Amino acid sequence: MNQADANAAILNLVAADGARISVHRHGAHITSWTPVDGLERLYLSGLTDYRPTAAIRGGIPVIFPQFAAEGPLPKHGFARTASWSFVDAGPVDGGGLSVRFRLEDSDQTRAIWPQAFVAELLATIGGAQLSVSLSVRNRGTEAFTFTAALHTYLAVEDLGAVRVLGLQGLRYRDSANGSVVRLEASHEVAIEGEVDRIYFDAPSELLLREPRASLRIGQQGFCDTVVWNPGAAKGAALSDLDPQGYLRMLCIEAAVVGCPVTLAPGATWTGTQTLDAA
């Protein structure tokens with residue numbers, strides 16, 4: 001990668017095996033992933049707002065150091081609207097490619113959250129897989145606590161036909177219905193109306209099944225999984241979401257919410273989400 005590419009607002013990268021990824025410096029935000037089968041697997045709204053202070057609607061927003069309104073900071077923290085630094089990109093074994101971005105504390109972040117940290121996002125593509133790792137290192141002298149997520153918007157052909165497998169038996173907080181805690185009884189979870197659930201102590205692998213495609217979703221380091229779709233009414237109220245866009249997306253997010261991370265000075269935490277279209 002040449003210097004002009006490294007300084008670009010958007011990096012469009014192609015692995016030797018043909019897999020593709022697009023990443024914005026704004027938020028280290030992955031907005032497109034196409035595995036070798038040529039099918040786009042991430043949803044990105046055509047009405048998204050690309051202003052420096054706005055969050056991109058779709059792709060994979062990086063949520064840090066606060067998930068949603070789970071604390072005193074602005075909703076979903078500041079990482080998704082911060083300008084990250086490009087670190088490196090290059091080939092990996094098997095014909096794939098990786099790209100890395102970094103965010104460090106600054107006067108601007110310390111005015112919101114007075115902690116010394118280094119965050120890195122590492123994305124690796126190859127074949128049918130995308131792996132995204134978020135790492136946070138405490139470079140200060142006192143421990144700090146945070147929540148975080150990879151707020152992944154998955155492209156679906158028909159929301160009504162989608163089923164999510166692997167959640168049965170888990171406790172979840174139903175934020176769309178008064179934040180009551182329920183137990184998931186369904187072996188195959190269908191998406192009906194507004195869905196906003198935090199599944200606690202989630203398994204390491206889920207399956208998103210559609211009539212003509214499936215996607216395996218793995219996670220390590222993240223203890224929870226969020227399943228979100230705004231439904232018709234709230235979807236229509238989102239000015240940066242395509243009309244009827246809610247029917248073409250489903251967020252399945254790797255998250256640490258119910259078990260916030262407390263990081264000692266000098267320590268590093270890493271959470272990874274892996275998407276496999278094979």
# chains A, B, ... in the order shown; residues from 1 in each chain; ligands from 1

call {"tool": "closest_atom_pairs", "arguments": {"of": "region 76-161 of chain A", "to": "region 56-70 of chain A", "cutoff": "9 Å", "atoms": "only C-alpha atoms", "output": "tab-separated table"}}
result
residue	atom	partner	partner_atom	distance
A:His76	CA	A:Ala68	CA	4.4
A:Gly77	CA	A:Gln66	CA	4.8
A:Phe78	CA	A:Phe64	CA	6.5
A:Ala79	CA	A:Phe64	CA	5.5
A:Arg80	CA	A:Val62	CA	5.1
A:Thr81	CA	A:Ile56	CA	8.2
A:Trp113	CA	A:Pro65	CA	8.3
A:Leu121	CA	A:Val62	CA	8.6
A:Leu134	CA	A:Val62	CA	8.2
A:Thr145	CA	A:Pro65	CA	8.3
A:Phe146	CA	A:Pro65	CA	5.1
A:Thr147	CA	A:Gln66	CA	4.8
A:Ala148	CA	A:Phe64	CA	4.7
A:Ala149	CA	A:Ile63	CA	4.9
A:Leu150	CA	A:Val62	CA	5.2
A:His151	CA	A:Pro61	CA	5.2
A:Thr152	CA	A:Ile60	CA	4.4
A:Tyr153	CA	A:Gly59	CA	5.3
A:Leu154	CA	A:Gly59	CA	7.5

call {"tool": "write_last_selection", "arguments": {"atoms": "N, CA, C and O atoms", "output": "PDB file, in the first residue's frame"}}
result
ATOM      1  N   HIS A  76     -23.169   5.042  22.843  1.00  0.00           N
ATOM      2  CA  HIS A  76     -22.205   4.226  22.094  1.00  0.00           C
ATOM      3  C   HIS A  76     -20.786   4.782  22.102  1.00  0.00           C
ATOM      4  O   HIS A  76     -19.946   4.371  21.301  1.00  0.00           O
ATOM      5  N   GLY A  77     -20.493   5.709  23.014  1.00  0.00           N
ATOM      6  CA  GLY A  77     -19.114   6.196  23.148  1.00  0.00           C
ATOM      7  C   GLY A  77     -18.677   7.084  22.004  1.00  0.00           C
ATOM      8  O   GLY A  77     -19.497   7.673  21.305  1.00  0.00           O
ATOM      9  N   PHE A  78     -17.353   7.162  21.809  1.00  0.00           N
ATOM     10  CA  PHE A  78     -16.804   8.092  20.815  1.00  0.00           C
ATOM     11  C   PHE A  78     -16.013   7.417  19.700  1.00  0.00           C
ATOM     12  O   PHE A  78     -15.660   8.057  18.703  1.00  0.00           O
ATOM     13  N   ALA A  79     -15.711   6.131  19.813  1.00  0.00           N
ATOM     14  CA  ALA A  79     -14.826   5.487  18.832  1.00  0.00           C
ATOM     15  C   ALA A  79     -15.415   5.491  17.428  1.00  0.00           C
ATOM     16  O   ALA A  79     -14.698   5.621  16.433  1.00  0.00           O
ATOM     17  N   ARG A  80     -16.737   5.342  17.316  1.00  0.00           N
ATOM     18  CA  ARG A  80     -17.357   5.219  15.995  1.00  0.00           C
ATOM     19  C   ARG A  80     -17.375   6.530  15.213  1.00  0.00           C
ATOM     20  O   ARG A  80     -17.623   6.524  14.009  1.00  0.00           O
ATOM     21  N   THR A  81     -17.121   7.654  15.892  1.00  0.00           N
ATOM     22  CA  THR A  81     -17.067   8.941  15.190  1.00  0.00           C
ATOM     23  C   THR A  81     -15.683   9.586  15.264  1.00  0.00           C
ATOM     24  O   THR A  81     -15.503  10.725  14.840  1.00  0.00           O
ATOM     25  N   TRP A 113     -13.891  11.098  28.464  1.00  0.00           N
ATOM     26  CA  TRP A 113     -13.551   9.901  29.251  1.00  0.00           C
ATOM     27  C   TRP A 113     -12.077  10.014  29.644  1.00  0.00           C
ATOM     28  O   TRP A 113     -11.198   9.805  28.812  1.00  0.00           O
ATOM     29  N   LEU A 121      -8.022  -1.816  15.840  1.00  0.00           N
ATOM     30  CA  LEU A 121      -8.951  -2.658  15.106  1.00  0.00           C
ATOM     31  C   LEU A 121      -8.166  -3.382  14.024  1.00  0.00           C
ATOM     32  O   LEU A 121      -7.525  -2.750  13.195  1.00  0.00           O
ATOM     33  N   LEU A 134     -11.066  -6.198  18.093  1.00  0.00           N
ATOM     34  CA  LEU A 134     -10.899  -4.930  18.792  1.00  0.00           C
ATOM     35  C   LEU A 134     -10.040  -5.182  20.014  1.00  0.00           C
ATOM     36  O   LEU A 134     -10.382  -6.030  20.851  1.00  0.00           O
ATOM     37  N   THR A 145     -12.737   0.837  33.499  1.00  0.00           N
ATOM     38  CA  THR A 145     -13.789  -0.105  33.106  1.00  0.00           C
ATOM     39  C   THR A 145     -14.512   0.418  31.878  1.00  0.00           C
ATOM     40  O   THR A 145     -14.744   1.629  31.755  1.00  0.00           O
ATOM     41  N   PHE A 146     -14.863  -0.479  30.975  1.00  0.00           N
ATOM     42  CA  PHE A 146     -15.582  -0.073  29.769  1.00  0.00           C
ATOM     43  C   PHE A 146     -16.514  -1.181  29.301  1.00  0.00           C
ATOM     44  O   PHE A 146     -16.387  -2.345  29.693  1.00  0.00           O
ATOM     45  N   THR A 147     -17.456  -0.801  28.454  1.00  0.00           N
ATOM     46  CA  THR A 147     -18.258  -1.739  27.684  1.00  0.00           C
ATOM     47  C   THR A 147     -17.997  -1.453  26.209  1.00  0.00           C
ATOM     48  O   THR A 147     -17.544  -0.362  25.853  1.00  0.00           O
ATOM     49  N   ALA A 148     -18.286  -2.441  25.349  1.00  0.00           N
ATOM     50  CA  ALA A 148     -17.918  -2.285  23.942  1.00  0.00           C
ATOM     51  C   ALA A 148     -18.716  -3.270  23.094  1.00  0.00           C
ATOM     52  O   ALA A 148     -19.335  -4.205  23.604  1.00  0.00           O
ATOM     53  N   ALA A 149     -18.680  -3.051  21.777  1.00  0.00           N
ATOM     54  CA  ALA A 149     -19.337  -3.966  20.847  1.00  0.00           C
ATOM     55  C   ALA A 149     -18.836  -3.722  19.435  1.00  0.00           C
ATOM     56  O   ALA A 149     -18.346  -2.636  19.111  1.00  0.00           O
ATOM     57  N   LEU A 150     -18.953  -4.738  18.615  1.00  0.00           N
ATOM     58  CA  LEU A 150     -18.863  -4.614  17.166  1.00  0.00           C
ATOM     59  C   LEU A 150     -20.302  -4.702  16.665  1.00  0.00           C
ATOM     60  O   LEU A 150     -20.914  -5.774  16.676  1.00  0.00           O
ATOM     61  N   HIS A 151     -20.843  -3.562  16.244  1.00  0.00           N
ATOM     62  CA  HIS A 151     -22.281  -3.383  15.976  1.00  0.00           C
ATOM     63  C   HIS A 151     -22.591  -3.801  14.529  1.00  0.00           C
ATOM     64  O   HIS A 151     -23.026  -3.000  13.707  1.00  0.00           O
ATOM     65  N   THR A 152     -22.378  -5.066  14.218  1.00  0.00           N
ATOM     66  CA  THR A 152     -22.351  -5.551  12.847  1.00  0.00           C
ATOM     67  C   THR A 152     -23.739  -5.588  12.199  1.00  0.00           C
ATOM     68  O   THR A 152     -24.646  -6.273  12.691  1.00  0.00           O
ATOM     69  N   TYR A 153     -23.880  -4.857  11.070  1.00  0.00           N
ATOM     70  CA  TYR A 153     -25.096  -4.870  10.261  1.00  0.00           C
ATOM     71  C   TYR A 153     -24.923  -5.912   9.158  1.00  0.00           C
ATOM     72  O   TYR A 153     -24.141  -5.714   8.222  1.00  0.00           O
ATOM     73  N   LEU A 154     -25.659  -6.994   9.233  1.00  0.00           N
ATOM     74  CA  LEU A 154     -25.574  -8.036   8.222  1.00  0.00           C
ATOM     75  C   LEU A 154     -26.647  -7.819   7.163  1.00  0.00           C
ATOM     76  O   LEU A 154     -27.805  -7.512   7.482  1.00  0.00           O
TER      77      LEU A 154
END

call {"tool": "residues_around", "arguments": {"residues": "Ser106 (chain A)", "least_positions_apart": "3", "cutoff": "10 Å", "atoms": "only C-alpha atoms", "output": "PyMOL selection string"}}
result
chain A and resi 103+109-111+113-117

call {"tool": "residues_around", "arguments": {"residues": "Asp88 (chain A)", "least_positions_apart": "4", "cutoff": "8 Å", "atoms": "only C-alpha atoms", "output": "MDAnalysis selection string"}}
result
chainID A and resid 99:101

call {"tool": "residues_around", "arguments": {"residues": "region 260-274 of chain A", "least_positions_apart": "4", "cutoff": "9 Å", "atoms": "only C-alpha atoms", "output": "PyMOL selection string"}}
result
chain A and resi 129-150+216-222+253-256

call {"tool": "write_last_selection", "arguments": {"atoms": "N, CA and C atoms", "output": "mmCIF file, in the first residue's frame"}}
result
data_model
loop_
_atom_site.group_PDB
_atom_site.id
_atom_site.type_symbol
_atom_site.label_atom_id
_atom_site.label_comp_id
_atom_site.auth_asym_id
_atom_site.auth_seq_id
_atom_site.Cartn_x
_atom_site.Cartn_y
_atom_site.Cartn_z
ATOM 1 N N GLN A 129 -14.172 -15.841 4.847
ATOM 2 C CA GLN A 129 -14.168 -15.326 6.210
ATOM 3 C C GLN A 129 -13.762 -13.859 6.320
ATOM 4 N N LEU A 130 -14.368 -13.221 7.323
ATOM 5 C CA LEU A 130 -13.931 -11.920 7.823
ATOM 6 C C LEU A 130 -13.763 -12.047 9.325
ATOM 7 N N SER A 131 -12.595 -11.681 9.836
ATOM 8 C CA SER A 131 -12.329 -11.661 11.262
ATOM 9 C C SER A 131 -12.032 -10.222 11.672
ATOM 10 N N VAL A 132 -12.730 -9.734 12.692
ATOM 11 C CA VAL A 132 -12.538 -8.369 13.184
ATOM 12 C C VAL A 132 -12.214 -8.434 14.669
ATOM 13 N N SER A 133 -11.051 -7.906 15.043
ATOM 14 C CA SER A 133 -10.621 -7.901 16.439
ATOM 15 C C SER A 133 -10.478 -6.470 16.936
ATOM 16 N N LEU A 134 -11.066 -6.198 18.093
ATOM 17 C CA LEU A 134 -10.899 -4.930 18.792
ATOM 18 C C LEU A 134 -10.040 -5.182 20.014
ATOM 19 N N SER A 135 -8.913 -4.477 20.108
ATOM 20 C CA SER A 135 -8.019 -4.591 21.264
ATOM 21 C C SER A 135 -7.948 -3.253 21.973
ATOM 22 N N VAL A 136 -7.928 -3.301 23.296
ATOM 23 C CA VAL A 136 -7.809 -2.090 24.114
ATOM 24 C C VAL A 136 -6.704 -2.309 25.134
ATOM 25 N N ARG A 137 -5.742 -1.382 25.181
ATOM 26 C CA ARG A 137 -4.662 -1.444 26.167
ATOM 27 C C ARG A 137 -4.754 -0.243 27.101
ATOM 28 N N ASN A 138 -4.615 -0.498 28.389
ATOM 29 C CA ASN A 138 -4.597 0.561 29.393
ATOM 30 C C ASN A 138 -3.165 1.062 29.522
ATOM 31 N N ARG A 139 -2.913 2.256 29.051
ATOM 32 C CA ARG A 139 -1.563 2.804 29.159
ATOM 33 C C ARG A 139 -1.454 3.845 30.272
ATOM 34 N N GLY A 140 -2.438 3.859 31.155
ATOM 35 C CA GLY A 140 -2.431 4.770 32.285
ATOM 36 C C GLY A 140 -1.893 4.114 33.545
ATOM 37 N N THR A 141 -2.102 4.758 34.666
ATOM 38 C CA THR A 141 -1.589 4.274 35.958
ATOM 39 C C THR A 141 -2.694 3.759 36.868
ATOM 40 N N GLU A 142 -3.953 3.821 36.418
ATOM 41 C CA GLU A 142 -5.077 3.330 37.195
ATOM 42 C C GLU A 142 -5.950 2.449 36.312
ATOM 43 N N ALA A 143 -6.614 1.492 36.949
ATOM 44 C CA ALA A 143 -7.528 0.621 36.210
ATOM 45 C C ALA A 143 -8.718 1.432 35.690
ATOM 46 N N PHE A 144 -9.276 0.991 34.562
ATOM 47 C CA PHE A 144 -10.524 1.592 34.083
ATOM 48 C C PHE A 144 -11.462 0.492 33.597
ATOM 49 N N THR A 145 -12.737 0.837 33.499
ATOM 50 C CA THR A 145 -13.789 -0.105 33.106
ATOM 51 C C THR A 145 -14.512 0.418 31.878
ATOM 52 N N PHE A 146 -14.863 -0.479 30.975
ATOM 53 C CA PHE A 146 -15.582 -0.073 29.769
ATOM 54 C C PHE A 146 -16.514 -1.181 29.301
ATOM 55 N N THR A 147 -17.456 -0.801 28.454
ATOM 56 C CA THR A 147 -18.258 -1.739 27.684
ATOM 57 C C THR A 147 -17.997 -1.453 26.209
ATOM 58 N N ALA A 148 -18.286 -2.441 25.349
ATOM 59 C CA ALA A 148 -17.918 -2.285 23.942
ATOM 60 C C ALA A 148 -18.716 -3.270 23.094
ATOM 61 N N ALA A 149 -18.680 -3.051 21.777
ATOM 62 C CA ALA A 149 -19.337 -3.966 20.847
ATOM 63 C C ALA A 149 -18.836 -3.722 19.435
ATOM 64 N N LEU A 150 -18.953 -4.738 18.615
ATOM 65 C CA LEU A 150 -18.863 -4.614 17.166
ATOM 66 C C LEU A 150 -20.302 -4.702 16.665
ATOM 67 N N ARG A 216 -22.095 -18.240 9.421
ATOM 68 C CA ARG A 216 -21.681 -18.606 10.771
ATOM 69 C C ARG A 216 -21.029 -17.396 11.429
ATOM 70 N N ILE A 217 -21.413 -17.150 12.669
ATOM 71 C CA ILE A 217 -20.958 -15.958 13.383
ATOM 72 C C ILE A 217 -20.294 -16.414 14.669
ATOM 73 N N GLY A 218 -18.994 -16.231 14.755
ATOM 74 C CA GLY A 218 -18.250 -16.634 15.936
ATOM 75 C C GLY A 218 -17.797 -15.433 16.740
ATOM 76 N N GLN A 219 -17.543 -15.633 18.021
ATOM 77 C CA GLN A 219 -16.989 -14.562 18.839
ATOM 78 C C GLN A 219 -16.128 -15.144 19.951
ATOM 79 N N GLN A 220 -15.073 -14.391 20.275
ATOM 80 C CA GLN A 220 -14.167 -14.721 21.366
ATOM 81 C C GLN A 220 -13.853 -13.435 22.116
ATOM 82 N N GLY A 221 -13.812 -13.505 23.437
ATOM 83 C CA GLY A 221 -13.492 -12.323 24.238
ATOM 84 C C GLY A 221 -14.715 -11.496 24.583
ATOM 85 N N PHE A 222 -15.725 -11.517 23.738
ATOM 86 C CA PHE A 222 -17.004 -10.858 24.009
ATOM 87 C C PHE A 222 -17.910 -11.855 24.733
ATOM 88 N N GLU A 253 -24.449 -8.504 17.048
ATOM 89 C CA GLU A 253 -23.296 -7.778 17.565
ATOM 90 C C GLU A 253 -22.577 -8.576 18.645
ATOM 91 N N ALA A 254 -21.281 -8.673 18.533
ATOM 92 C CA ALA A 254 -20.453 -9.204 19.610
ATOM 93 C C ALA A 254 -20.251 -8.082 20.619
ATOM 94 N N ALA A 255 -20.542 -8.341 21.904
ATOM 95 C CA ALA A 255 -20.570 -7.248 22.877
ATOM 96 C C ALA A 255 -20.087 -7.677 24.254
ATOM 97 N N VAL A 256 -19.620 -6.706 25.010
ATOM 98 C CA VAL A 256 -19.396 -6.856 26.455
ATOM 99 C C VAL A 256 -20.234 -5.781 27.132
#

call {"tool": "select_by_dssp", "arguments": {"residues": "region 42-157 of chain A", "states": "strand (DSSP E)", "output": "number ranges by chain"}}
result
A: 62-63, 85-92, 96-104, 117-126, 129-138, 144-150, 153-155

call {"tool": "atom_distance", "arguments": {"atom1": "CA of Leu47 (chain A)", "atom2": "CA of Arg248 (chain A)"}}
result
14.1 Å

call {"tool": "select_by_dssp", "arguments": {"residues": "region 59-129 of chain A", "states": "alpha helix (DSSP H)", "output": "compact mmCIF listing (two decimals) with N, CA, C and O atoms, in the first residue's frame"}}
result
# COMPACT_ATOMS: atom_id res chain seq x y z
N ASP A 107 -6.73 14.96 23.75
CA ASP A 107 -7.45 15.97 24.53
C ASP A 107 -8.95 15.83 24.33
O ASP A 107 -9.74 15.99 25.28
N GLN A 108 -9.36 15.50 23.11
CA GLN A 108 -10.77 15.38 22.80
C GLN A 108 -11.40 14.19 23.51
O GLN A 108 -12.49 14.31 24.10
N THR A 109 -10.74 13.03 23.52
CA THR A 109 -11.32 11.87 24.20
C THR A 109 -11.27 12.02 25.71
O THR A 109 -12.21 11.62 26.42
N ARG A 110 -10.18 12.61 26.22
CA ARG A 110 -10.06 12.75 27.68
C ARG A 110 -11.07 13.74 28.24
O ARG A 110 -11.42 13.66 29.43
N ALA A 111 -11.57 14.65 27.40
CA ALA A 111 -12.62 15.56 27.85
C ALA A 111 -13.93 14.81 28.08
O ALA A 111 -14.78 15.25 28.86
N ILE A 112 -14.10 13.65 27.41
CA ILE A 112 -15.29 12.83 27.56
C ILE A 112 -15.07 11.70 28.56
O ILE A 112 -15.92 11.41 29.40
